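Notes follow the structure.
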Amino acid sequence: MRRPIRLATAMGLVLACAAPLAAEDDGYRTPPAAVADIVTRAPSPSVSVSPDGTQLLLIEREALPPVADLAKPMQKLAGLRLDAATNDRHGPRALVGLSLQDIASGTVRPVALPADADLAHLAWSPDGARVAFTNTRSDGVELHVLDTATGAARRIMAGGVNPIFQSPRWMPDGSLLVLAVPKDRGAMPVRSLTPTGPAIQVAAGGQEAQTRTYQDLLQNPHDEAMFAWLTTSQPMVVAADGRRAKAVGEPRIYTSVMPSPDGKYLLMEWIEQPFSYQVPWSRFPRVSAVFTPEGKLVQEIIRQPLADALPVQGVVTGPRNLQWHPTEDALLLWVEAQDGGDPRVKSDNRDNLMALAAPFAGAARVLARMEDRAAGMIGIEGTDDIIAADYDRDTREVRQTLIDVTGGGAGRQLSIRNVQDAYGDPGSPLTTTTPQGFEVAREVDGKLLLSGLGATPEGYRPFLRRFDLATLETEELWRNAGESMERVIDVLAEDGSSFITYYESPTNPGNVRLQSGGTARFLTDFPDPHPELTGIKRELVTYKRADGVDLTATLYLPPSYKDGDKLPVVVWAYPLEYNDAATAGQNRDSPWRFTRVGGYSHLFFLMQGYAVLDRAAMPVVGPDPETVNDSFIEQIVASAQAAVDFTVARGFGDGVRVGVGGHSYGAFMTAHLLAQSDIFRAGIARSGAYNRTLTPFGFQAERRVFWETPETYYRLSPFMAADKINEPILFTHGANDSNSGTFPEQSERMFSAVKGNGGTARLVMLPHEDHGYRGRESVLHTLHEMFAWFDTHVKNASPPQASPPAAQ
C-alpha cells in the first residue's frame, strides 16, 4: 500500500528550499572547487601498439572543451551532424598531441605538430613505418603522415579531405586512399527564404514501414542539396610523400572505397537518389561495384533500393555487408537474407554467406547456409578460412563456424553460447594486420590466440589462451592473478610468450606493461589523475531479489568511511533484459580495477559524503524476449527494494536517505521507480524517454510495435503515471540530443506532466549538448545540479513520521 505521508514530507522540503534553487537559475554553476579541479584535468594519453610490435603511439587527449566549441554551426542531415566549414562530422577536438615510444629502450620522442592541433583518423601503415592522420583547421581537413623512424610528420594534403564516411586508409602498395572534396563542386547551396512548395511524403499502402524514431533527418529540398554537397567526394590515391596524387572514378556520395588485397580492384559503394525524409542515410538507395584502380567499371554487384520499409530488427533482402576476403587476391564476400529479411518469419535458414571471385561475372556461390542472422566474420592469418558468426535473437545464442572458403567442405561449428553468459565467454581472437592492410585472426600451426575478460563470481580475471582449430581444445597460457586487473592488448611472440597488457589496480590508474618470459616491466608511468580519491573503498557485492534472482552491484564508500557510519546512498542503475536468472546474476566487474572518476559521473557523490551503489543490477528476466517487458515494472521495483535492503543489512545505509538515478534507459527506470514505489526519497533522470507512444515501432529490447500491444506501451510510459510521482525528480537533457527516441521533448513533456499534477521537479536543458554531455560548463553545471538536488532531498531528509493511531 502506498504511503501518502511521503508526499507531504517531500512538499515540505520543497517549500523550505525553493528559494535557494530558484536563485541559482542565472547562468552556469559549478560544483565544489575540489570536484571541478578533477573534472577539468587533462586525461592520461591513450596508447596504440605499432603493427610490428616495436613502438607505442602515445595520443594526448583534450580535457573538456568549452560549450562554445559545441555551439559552432551544425548541419543536421540524414541522421548526420556535419560541419560545413570543415566538411567533416561536427564536434569539438579530442586528440591534441602525439609521441612515439620505443618499446625496447623506453625512449619517448614528441612529434612536432601544427599549433592548436586537432587530430583524428589515425592509421598505422601495415608495416608500422608510418602513421597517417588528419588535422582539422577552421576551414578544412588536411592529411599528414608521420615517419616513425625519424619521428617527423609531414603534411601531404593541405586541405580538402572529406572524411565524413571513410577515413584515409593505406593501399597495398603503400600509398593512401583518400576521399576528397571535389575541386569543382560549386558553391554551397543557399537556403531560399521563399519556399518552392510543401514538403510531401507519400505512403502508397499495402506495405509496412516500421521505422524507429530517428532524428536529424532530411526535411526539405534544401536539406537534400546540402547533404549531397557535403557528402559527395572524389576518391584520390596519394603517395605517402605527397608528391603524386591521382583521381579515381567520378565524384559520388561514396560511403566506402576499399582496395582488394592484390591491389588490382577497388570495391566502391555509393548512395543515390531518391533520398528519404523518414530514414537516415544508411537506408538510402545504394550501389556497390568493382572498378580498376584507374576508375574503369569492372562489374556492378548490388543496386539496393531505398530501404524505408524494413520490419523492426529486419534487414534488406538483397546482398549486404560486402567485403573483400582478407587473404585472397580478389574474392568478394557478402551475406544475403533467405527469410525476406523479416525476423518474425519462421526459418531454418535466415542468411546465406556468398562468394564471388574476379572477374566478378556469373553467379555467386553459397559458402554457408546460416540457421540464424549473420553476425560478422573474420579471416585467419595464412589461410583462406574464415570464422563466421550467426545470432539467434530469441535464445540470444551466437554460433561460430569455421568455413573453408576455397576447399568447399562443410562448415564446422567451433562454439555456441548465450552472449549474455559472461562466465562462458571463451574469448576473442587476437588479430594482426596483413601486409595488404587487412585485419585477420593470428594463427600459428593451426591455433589461434584468444584473449578475454575472464568473468568469474569473484570478478574479472583476464586471460590469454591458445585454441586448436582442429581439436577444439583450449590451452591457457596466462591468467591475471593478484590484486590487479590486467588484460592483453597485443601479442609480440607467436607462441604467446611475450605480450603487452593494460594494467590497473586500486592504486594504479592504468598503464601499459610488457610481459615476457614470466617477468613484467612497465612501459608507461601515467600518474594518478586524482590522488585525493585514492582511499575510495570499492567492493563487488551480491544480494538476492525477493523472487530468488541473484543481483550484483559495485559498492563505493568514501575514503573517510568508518564501519557503522550511516550514510546517504545513491543507487545508480541501467535495466537489462535476460533470458534466465542464472546469466542475470553473473558478476561483470572487477574489485581490482582503478576507480576512475571524471566527467559528470555520479561517483563524485563520494566526495560529498554519500555511499554509491553503482551498476546495481536491474535485470528483467523472462524466457521469451517477445514478452519479457510485460513484467518490467514489477522486476525493477523488486530489484530496487533488494538494493536498498542490502544497504541497510550491510550497515552503511539507513533505508531512508536513498536516492536513485540513471542515464538514458536508466532515466526511464528512475521515473518508473518514483511512480510505482516509495523506495526512494528523490531521483535524477538524465537524457531519458518517458512516453513510449512517441517511439511506437519498438524501443530498447521491445520488439512489438504499439498497435500490437498498446497496453504495454501505455503501462511502460512513466508519463502516463506522472500523477503518481510523489518524490522530487531532477530531469537533465541535452538540448541537441540526437539519440533515437530520447529527443529533448521527452524530458520537457515529462517535467510538465509532473508539474501539472502537483509534483516536485526540476528541468535542466543544456544548450548545444547531445545525448551525453561534453562541454566544460555543461558537465560542471550538471554536477552542481545533482549535488544540490540530492543534498536537499536525500542527504538532509528526515525519516517519515509514523501515522497517528486511529481514533477509537
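In the C-alpha cells, the first chain shown is A, the next is B, and so on; residue numbers restart at 1 for each chain, and ligands run from 1 in the order shown.
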request  = Write out as a ChimeraX atom specification each polymer residue whose atoms come within 7 Å of Arg538 (chain A), counting only C-alpha atoms; drop sequence neighbours fewer than 2 positions from it.
outcome  = /A:536,554-557,591
Keeping N, CA and C atoms, export the residues of the selection given above as a PDB file, in the first residue's frame.
```pdb
ATOM      1  N   ILE A 536      39.217   5.698  -1.783  1.00  0.00           N
ATOM      2  CA  ILE A 536      37.855   5.206  -2.008  1.00  0.00           C
ATOM      3  C   ILE A 536      37.817   3.690  -1.819  1.00  0.00           C
ATOM      4  N   THR A 554      28.390  -2.740  -7.619  1.00  0.00           N
ATOM      5  CA  THR A 554      29.704  -2.308  -7.142  1.00  0.00           C
ATOM      6  C   THR A 554      29.469  -1.248  -6.085  1.00  0.00           C
ATOM      7  N   LEU A 555      29.938  -1.531  -4.884  1.00  0.00           N
ATOM      8  CA  LEU A 555      29.743  -0.625  -3.754  1.00  0.00           C
ATOM      9  C   LEU A 555      30.967   0.269  -3.598  1.00  0.00           C
ATOM     10  N   TYR A 556      30.719   1.584  -3.524  1.00  0.00           N
ATOM     11  CA  TYR A 556      31.777   2.560  -3.272  1.00  0.00           C
ATOM     12  C   TYR A 556      31.467   3.280  -1.965  1.00  0.00           C
ATOM     13  N   LEU A 557      32.487   3.386  -1.125  1.00  0.00           N
ATOM     14  CA  LEU A 557      32.362   4.128   0.120  1.00  0.00           C
ATOM     15  C   LEU A 557      33.427   5.215   0.154  1.00  0.00           C
ATOM     16  N   PRO A 591      36.860  -6.150  -8.686  1.00  0.00           N
ATOM     17  CA  PRO A 591      37.179  -5.367  -7.487  1.00  0.00           C
ATOM     18  C   PRO A 591      38.577  -4.775  -7.540  1.00  0.00           C
TER      19      PRO A 591
END
```
Can you tell me which residues surround Ile200 (chain A) at a distance of at most 12 Å, considering only C-alpha atoms, apart from same-chain residues fewer than 5 positions away, and format the answer as a VMD selection string? chain A and resid 218 to 221 276 to 278
*Tell me which protein, DNA and RNA residues are within 8 Å of Val621 (chain A), counting only C-alpha atoms, leaving out same-chain ones fewer than 5 positions away, and put them as a VMD selection string.*
chain A and resid 577 to 581 584 628 635
Take the residues from that selection and put them in a file with C-alpha atoms, as a compact mmCIF listing (two decimals), in the first residue's frame.
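Contents of part.txt, freshly written:
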```txt
# COMPACT_ATOMS: atom_id res chain seq x y z
CA GLU A 577 16.88 -7.97 -20.27
CA TYR A 578 17.90 -11.61 -19.76
CA ASN A 579 16.51 -15.00 -20.78
CA ASP A 580 17.26 -16.62 -17.44
CA ALA A 581 18.14 -15.79 -13.86
CA ALA A 584 21.27 -12.19 -14.98
CA VAL A 628 9.78 -10.01 -21.24
CA GLN A 635 11.01 -6.62 -11.66
```
message = My list of candidates is A:Gly249, A:Pro718, A:Gly376, A:Pro457. Which is closest to Thr542 (chain A) when distances are computed with only C-alpha atoms?
response =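 Between A:Gly249, A:Pro718, A:Gly376, A:Pro457, the residue approaching Thr542 (chain A) most closely is A:Pro457.
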CA of Glu142 (chain A) to CA of Met157 (chain A), straight-line distance in Å
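Interatomic distance, CA of Met157 (chain A) to CA of Glu142 (chain A): 5.4 Å.
Taking only C-alpha atoms, the non-local environment of Val335 (chain A) within 6 Å (same-chain residues fewer than 6 positions away omitted) comprises A:Pro319, A:Arg320, A:Asn352, A:Leu353, A:Met354.
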Once you count only C-alpha atoms, what closest atom pair and distance in Å to one decimal does each residue of region 624-703 of chain A within 12 Å of region 738-755 of chain A have, with rows by chain and rising residue number, as a Markdown table?
```
| residue | atom | partner | partner_atom | distance |
| --- | --- | --- | --- | --- |
| A:His663 | CA | A:Thr742 | CA | 10.7 |
| A:Ser664 | CA | A:Thr742 | CA | 7.4 |
| A:Tyr665 | CA | A:Thr742 | CA | 9.2 |
| A:Gly666 | CA | A:Thr742 | CA | 11.9 |
| A:Ala667 | CA | A:Ser747 | CA | 9.9 |
| A:Phe668 | CA | A:Thr742 | CA | 9.9 |
| A:Ala671 | CA | A:Met750 | CA | 9.3 |
| A:His672 | CA | A:Met750 | CA | 11.8 |
| A:Leu674 | CA | A:Val754 | CA | 11.2 |
| A:Ala675 | CA | A:Val754 | CA | 10.2 |
| A:Ile684 | CA | A:Ser747 | CA | 11.9 |
| A:Ala685 | CA | A:Ser747 | CA | 8.9 |
| A:Arg686 | CA | A:Ser747 | CA | 8.7 |
| A:Ser687 | CA | A:Thr742 | CA | 6.5 |
| A:Gly688 | CA | A:Thr742 | CA | 5.6 |
| A:Ala689 | CA | A:Thr742 | CA | 4.9 |
| A:Tyr690 | CA | A:Gln746 | CA | 6.0 |
| A:Asn691 | CA | A:Gln746 | CA | 6.8 |
| A:Arg692 | CA | A:Gly741 | CA | 8.6 |
| A:Thr693 | CA | A:Gly741 | CA | 10.4 |
| A:Leu694 | CA | A:Gly741 | CA | 7.6 |
| A:Thr695 | CA | A:Gly741 | CA | 6.0 |
| A:Pro696 | CA | A:Gly741 | CA | 9.7 |
| A:Phe697 | CA | A:Gly741 | CA | 10.2 |
| A:Gly698 | CA | A:Gly741 | CA | 9.6 |
| A:Phe699 | CA | A:Gly741 | CA | 7.6 |
| A:Gln700 | CA | A:Gly741 | CA | 9.4 |
```
Selected residues written out with N, CA, C and O atoms, as a compact mmCIF listing (two decimals), in the first residue's frame:
```
# COMPACT_ATOMS: atom_id res chain seq x y z
N HIS A 663 20.95 7.22 -16.48
CA HIS A 663 21.08 7.96 -17.74
C HIS A 663 20.39 7.18 -18.85
O HIS A 663 20.50 5.96 -18.91
N SER A 664 19.68 7.86 -19.72
CA SER A 664 19.02 7.26 -20.87
C SER A 664 17.98 6.24 -20.42
O SER A 664 16.99 6.60 -19.80
N TYR A 665 18.19 4.95 -20.67
CA TYR A 665 17.22 3.95 -20.21
C TYR A 665 17.20 3.88 -18.69
O TYR A 665 16.21 3.50 -18.08
N GLY A 666 18.32 4.28 -18.08
CA GLY A 666 18.34 4.38 -16.62
C GLY A 666 17.48 5.52 -16.11
O GLY A 666 16.91 5.45 -15.01
N ALA A 667 17.34 6.59 -16.90
CA ALA A 667 16.43 7.68 -16.54
C ALA A 667 14.98 7.21 -16.63
O ALA A 667 14.14 7.54 -15.78
N PHE A 668 14.68 6.47 -17.68
CA PHE A 668 13.36 5.84 -17.85
C PHE A 668 13.04 4.98 -16.63
O PHE A 668 11.94 5.04 -16.07
N ALA A 671 12.25 7.20 -13.43
CA ALA A 671 10.89 7.74 -13.39
C ALA A 671 9.89 6.66 -12.99
O ALA A 671 8.94 6.92 -12.23
N HIS A 672 10.07 5.45 -13.51
CA HIS A 672 9.17 4.36 -13.13
C HIS A 672 9.26 4.06 -11.63
O HIS A 672 8.23 3.85 -10.96
N LEU A 674 10.07 5.98 -9.16
CA LEU A 674 9.43 7.00 -8.33
C LEU A 674 7.91 6.95 -8.46
O LEU A 674 7.18 7.27 -7.51
N ALA A 675 7.43 6.55 -9.64
CA ALA A 675 5.98 6.49 -9.84
C ALA A 675 5.36 5.25 -9.22
O ALA A 675 4.23 5.29 -8.73
N ILE A 684 17.23 11.27 -10.00
CA ILE A 684 17.90 12.06 -11.03
C ILE A 684 17.76 11.29 -12.34
O ILE A 684 18.19 10.13 -12.44
N ALA A 685 17.15 11.91 -13.33
CA ALA A 685 16.89 11.25 -14.62
C ALA A 685 17.54 12.08 -15.72
O ALA A 685 17.11 13.19 -16.01
N ARG A 686 18.59 11.51 -16.33
CA ARG A 686 19.35 12.24 -17.34
C ARG A 686 19.07 11.69 -18.74
O ARG A 686 19.21 10.49 -18.98
N SER A 687 18.65 12.55 -19.64
CA SER A 687 18.51 12.24 -21.07
C SER A 687 17.66 11.01 -21.32
O SER A 687 18.05 10.10 -22.05
N GLY A 688 16.49 10.98 -20.73
CA GLY A 688 15.63 9.81 -20.85
C GLY A 688 14.48 9.97 -21.83
O GLY A 688 14.27 11.03 -22.43
N ALA A 689 13.72 8.89 -22.01
CA ALA A 689 12.48 8.87 -22.78
C ALA A 689 11.38 8.37 -21.85
O ALA A 689 11.57 7.36 -21.16
N TYR A 690 10.24 9.03 -21.87
CA TYR A 690 9.23 8.74 -20.86
C TYR A 690 7.84 8.45 -21.43
O TYR A 690 6.98 7.96 -20.71
N ASN A 691 7.64 8.75 -22.70
CA ASN A 691 6.34 8.47 -23.33
C ASN A 691 6.59 7.53 -24.50
O ASN A 691 7.05 7.95 -25.57
N ARG A 692 6.27 6.27 -24.32
CA ARG A 692 6.60 5.26 -25.31
C ARG A 692 5.66 5.30 -26.53
O ARG A 692 5.97 4.69 -27.55
N THR A 693 4.58 6.00 -26.44
CA THR A 693 3.75 6.15 -27.64
C THR A 693 4.45 7.04 -28.67
O THR A 693 4.06 7.06 -29.84
N LEU A 694 5.50 7.77 -28.24
CA LEU A 694 6.28 8.57 -29.18
C LEU A 694 7.41 7.75 -29.83
O LEU A 694 8.12 8.26 -30.70
N THR A 695 7.56 6.51 -29.40
CA THR A 695 8.51 5.58 -30.05
C THR A 695 7.74 4.31 -30.41
O THR A 695 8.00 3.23 -29.88
N PRO A 696 6.75 4.43 -31.31
CA PRO A 696 5.77 3.35 -31.50
C PRO A 696 6.28 2.10 -32.21
O PRO A 696 5.60 1.08 -32.16
N PHE A 697 7.46 2.16 -32.83
CA PHE A 697 7.96 0.99 -33.55
C PHE A 697 9.11 0.33 -32.78
O PHE A 697 10.12 -0.04 -33.35
N GLY A 698 8.92 0.18 -31.49
CA GLY A 698 9.90 -0.51 -30.65
C GLY A 698 10.85 0.45 -29.95
O GLY A 698 11.02 1.59 -30.35
N PHE A 699 11.44 -0.04 -28.87
CA PHE A 699 12.41 0.73 -28.10
C PHE A 699 13.25 -0.26 -27.30
O PHE A 699 12.78 -1.32 -26.90
N GLN A 700 14.50 0.09 -27.10
CA GLN A 700 15.42 -0.76 -26.37
C GLN A 700 15.29 -2.21 -26.86
O GLN A 700 15.50 -2.47 -28.03
```
12 Å contact set for Val648 (chain A), only C-alpha atoms, chain neighbours under 6 positions out, as a list in words = Tyr543, Gly564, Asp565, Lys566, Leu567, Pro568, Val569, Ala611, Gln641, Ala642, Asp654, Gly655, Val656, Arg657 and Val658 of chain A
**Item:** Which of region 37-275 of chain A fall in alpha helix (DSSP H), as a ChimeraX atom specification
**Value:** /A:37-39,67-70,221-231
Go ahead and write the residues just picked, all heavy atoms, as a tab-separated table (two decimals), in the first residue's frame.
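Ended up saving to selection.tsv:
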```tsv
chain	number	residue	atom	x	y	z
A	37	ASP	N	38.13	20.84	-10.01
A	37	ASP	CA	39.55	20.68	-10.34
A	37	ASP	C	39.82	19.33	-10.97
A	37	ASP	O	40.56	19.22	-11.96
A	37	ASP	CB	40.38	20.85	-9.06
A	37	ASP	CG	41.87	20.73	-9.33
A	37	ASP	OD1	42.36	21.37	-10.27
A	37	ASP	OD2	42.54	19.96	-8.61
A	38	ILE	N	39.22	18.28	-10.44
A	38	ILE	CA	39.40	16.94	-11.00
A	38	ILE	C	38.78	16.85	-12.39
A	38	ILE	O	39.38	16.31	-13.33
A	38	ILE	CB	38.79	15.88	-10.07
A	38	ILE	CG1	39.57	15.81	-8.76
A	38	ILE	CG2	38.75	14.51	-10.74
A	38	ILE	CD1	38.96	14.88	-7.73
A	39	VAL	N	37.59	17.40	-12.55
A	39	VAL	CA	36.87	17.30	-13.81
A	39	VAL	C	37.66	17.94	-14.94
A	39	VAL	O	37.66	17.44	-16.08
A	39	VAL	CB	35.48	17.98	-13.68
A	39	VAL	CG1	34.80	18.10	-15.04
A	39	VAL	CG2	34.60	17.18	-12.73
A	67	VAL	N	31.76	24.93	-24.10
A	67	VAL	CA	30.49	24.82	-24.80
A	67	VAL	C	30.52	25.59	-26.11
A	67	VAL	O	29.85	25.22	-27.09
A	67	VAL	CB	29.34	25.31	-23.90
A	67	VAL	CG1	28.05	25.47	-24.70
A	67	VAL	CG2	29.10	24.31	-22.76
A	68	ALA	N	31.34	26.62	-26.17
A	68	ALA	CA	31.44	27.41	-27.40
A	68	ALA	C	31.86	26.54	-28.58
A	68	ALA	O	31.45	26.80	-29.73
A	68	ALA	CB	32.44	28.55	-27.21
A	69	ASP	N	32.67	25.50	-28.32
A	69	ASP	CA	33.07	24.60	-29.41
A	69	ASP	C	31.88	23.78	-29.90
A	69	ASP	O	31.81	23.43	-31.09
A	69	ASP	CB	34.18	23.67	-28.94
A	69	ASP	CG	35.53	24.37	-28.87
A	69	ASP	OD1	35.57	25.59	-29.14
A	69	ASP	OD2	36.54	23.71	-28.54
A	70	LEU	N	30.97	23.45	-29.01
A	70	LEU	CA	29.78	22.69	-29.40
A	70	LEU	C	28.79	23.58	-30.15
A	70	LEU	O	27.95	23.07	-30.89
A	70	LEU	CB	29.09	22.11	-28.16
A	70	LEU	CG	29.91	21.22	-27.23
A	70	LEU	CD1	29.06	20.77	-26.06
A	70	LEU	CD2	30.47	20.02	-27.97
A	221	PRO	N	13.87	20.12	-49.74
A	221	PRO	CA	14.84	20.08	-50.85
A	221	PRO	C	16.18	20.73	-50.52
A	221	PRO	O	17.22	20.28	-51.01
A	221	PRO	CB	14.11	20.82	-51.97
A	221	PRO	CG	12.66	20.59	-51.69
A	221	PRO	CD	12.55	20.62	-50.19
A	222	HIS	N	16.18	21.80	-49.71
A	222	HIS	CA	17.46	22.41	-49.35
A	222	HIS	C	18.32	21.43	-48.55
A	222	HIS	O	19.55	21.36	-48.77
A	222	HIS	CB	17.24	23.69	-48.54
A	222	HIS	CG	18.53	24.27	-48.02
A	222	HIS	ND1	19.42	24.93	-48.83
A	222	HIS	CD2	19.07	24.26	-46.77
A	222	HIS	CE1	20.46	25.31	-48.11
A	222	HIS	NE2	20.27	24.93	-46.86
A	223	ASP	N	17.71	20.70	-47.63
A	223	ASP	CA	18.46	19.69	-46.87
A	223	ASP	C	19.06	18.65	-47.81
A	223	ASP	O	20.21	18.22	-47.64
A	223	ASP	CB	17.54	19.00	-45.86
A	223	ASP	CG	17.27	19.85	-44.63
A	223	ASP	OD1	17.85	20.95	-44.53
A	223	ASP	OD2	16.48	19.41	-43.78
A	224	GLU	N	18.29	18.23	-48.78
A	224	GLU	CA	18.79	17.26	-49.75
A	224	GLU	C	20.01	17.81	-50.49
A	224	GLU	O	21.02	17.12	-50.67
A	224	GLU	CB	17.71	16.90	-50.76
A	224	GLU	CG	16.52	16.17	-50.18
A	224	GLU	CD	15.59	15.66	-51.26
A	224	GLU	OE1	16.06	14.90	-52.12
A	224	GLU	OE2	14.40	16.03	-51.26
A	225	ALA	N	19.92	19.07	-50.91
A	225	ALA	CA	21.03	19.68	-51.64
A	225	ALA	C	22.26	19.82	-50.76
A	225	ALA	O	23.40	19.56	-51.20
A	225	ALA	CB	20.60	21.05	-52.17
A	226	MET	N	22.06	20.19	-49.49
A	226	MET	CA	23.19	20.32	-48.57
A	226	MET	C	23.83	18.96	-48.30
A	226	MET	O	25.06	18.84	-48.23
A	226	MET	CB	22.73	20.96	-47.27
A	226	MET	CG	22.63	22.47	-47.31
A	226	MET	SD	24.23	23.29	-47.63
A	226	MET	CE	25.20	22.74	-46.22
A	227	PHE	N	23.00	17.94	-48.11
A	227	PHE	CA	23.52	16.59	-47.86
A	227	PHE	C	24.39	16.14	-49.03
A	227	PHE	O	25.52	15.66	-48.84
A	227	PHE	CB	22.37	15.62	-47.65
A	227	PHE	CG	22.79	14.18	-47.56
A	227	PHE	CD1	23.41	13.69	-46.43
A	227	PHE	CD2	22.56	13.31	-48.62
A	227	PHE	CE1	23.81	12.36	-46.35
A	227	PHE	CE2	22.95	11.98	-48.55
A	227	PHE	CZ	23.58	11.51	-47.41
A	228	ALA	N	23.90	16.31	-50.25
A	228	ALA	CA	24.67	15.89	-51.42
A	228	ALA	C	25.94	16.72	-51.57
A	228	ALA	O	27.01	16.19	-51.90
A	228	ALA	CB	23.80	16.01	-52.67
A	229	TRP	N	25.86	18.01	-51.29
A	229	TRP	CA	27.02	18.89	-51.45
A	229	TRP	C	28.13	18.52	-50.47
A	229	TRP	O	29.31	18.49	-50.83
A	229	TRP	CB	26.57	20.34	-51.24
A	229	TRP	CG	27.62	21.36	-51.58
A	229	TRP	CD1	27.95	21.84	-52.82
A	229	TRP	CD2	28.46	22.05	-50.65
A	229	TRP	NE1	28.95	22.77	-52.72
A	229	TRP	CE2	29.29	22.93	-51.40
A	229	TRP	CE3	28.61	22.00	-49.26
A	229	TRP	CZ2	30.24	23.76	-50.80
A	229	TRP	CZ3	29.56	22.84	-48.66
A	229	TRP	CH2	30.36	23.70	-49.42
A	230	LEU	N	27.77	18.24	-49.23
A	230	LEU	CA	28.78	17.93	-48.21
A	230	LEU	C	29.33	16.52	-48.32
A	230	LEU	O	30.51	16.28	-48.00
A	230	LEU	CB	28.18	18.14	-46.81
A	230	LEU	CG	28.02	19.60	-46.36
A	230	LEU	CD1	27.15	19.67	-45.12
A	230	LEU	CD2	29.39	20.21	-46.09
A	231	THR	N	28.54	15.57	-48.72
A	231	THR	CA	28.97	14.16	-48.68
A	231	THR	C	29.56	13.67	-50.00
A	231	THR	O	30.20	12.61	-50.03
A	231	THR	CB	27.80	13.25	-48.29
A	231	THR	OG1	26.72	13.42	-49.22
A	231	THR	CG2	27.32	13.56	-46.88
```
| task | List the neighbours of Pro43 (chain A) out to 8 Å using only C-alpha atoms; skip same-chain residues closer than 5 positions along the sequence, and give me the result as a ChimeraX atom specification. | result | /A:60-63,529
Enumerate the residues of region 278-466 of chain A with a DSSP assignment of strand (DSSP E or B), computed from the backbone, and present them as a PyMOL selection string.
-> chain A and resi 286-291+297-304+319-324+331-337+351-357+365-370+373-380+386-392+397-403+412-418+428-429+431-433+439-441+443-444+447-452+463-466
Among A:Arg513, A:Arg650, A:His530, A:His733, Phe604 (chain A) is approached most closely, using only C-alpha atoms, by A:His530
Exercise for the section: For each of A:Asp339, A:Gly662, A:Asp737, A:Leu453, take the minimum atom-to-atom distance to Arg81 (chain A), counting only C-alpha atoms, then give the residue where this is smallest. Expected result: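 Smallest separation from Arg81 (chain A) among the options: A:Asp737.
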Separating CA of Leu780 (chain A) from CA of Leu64 (chain A), to the nearest tenth of an Å, is a gap of 10.0 Å
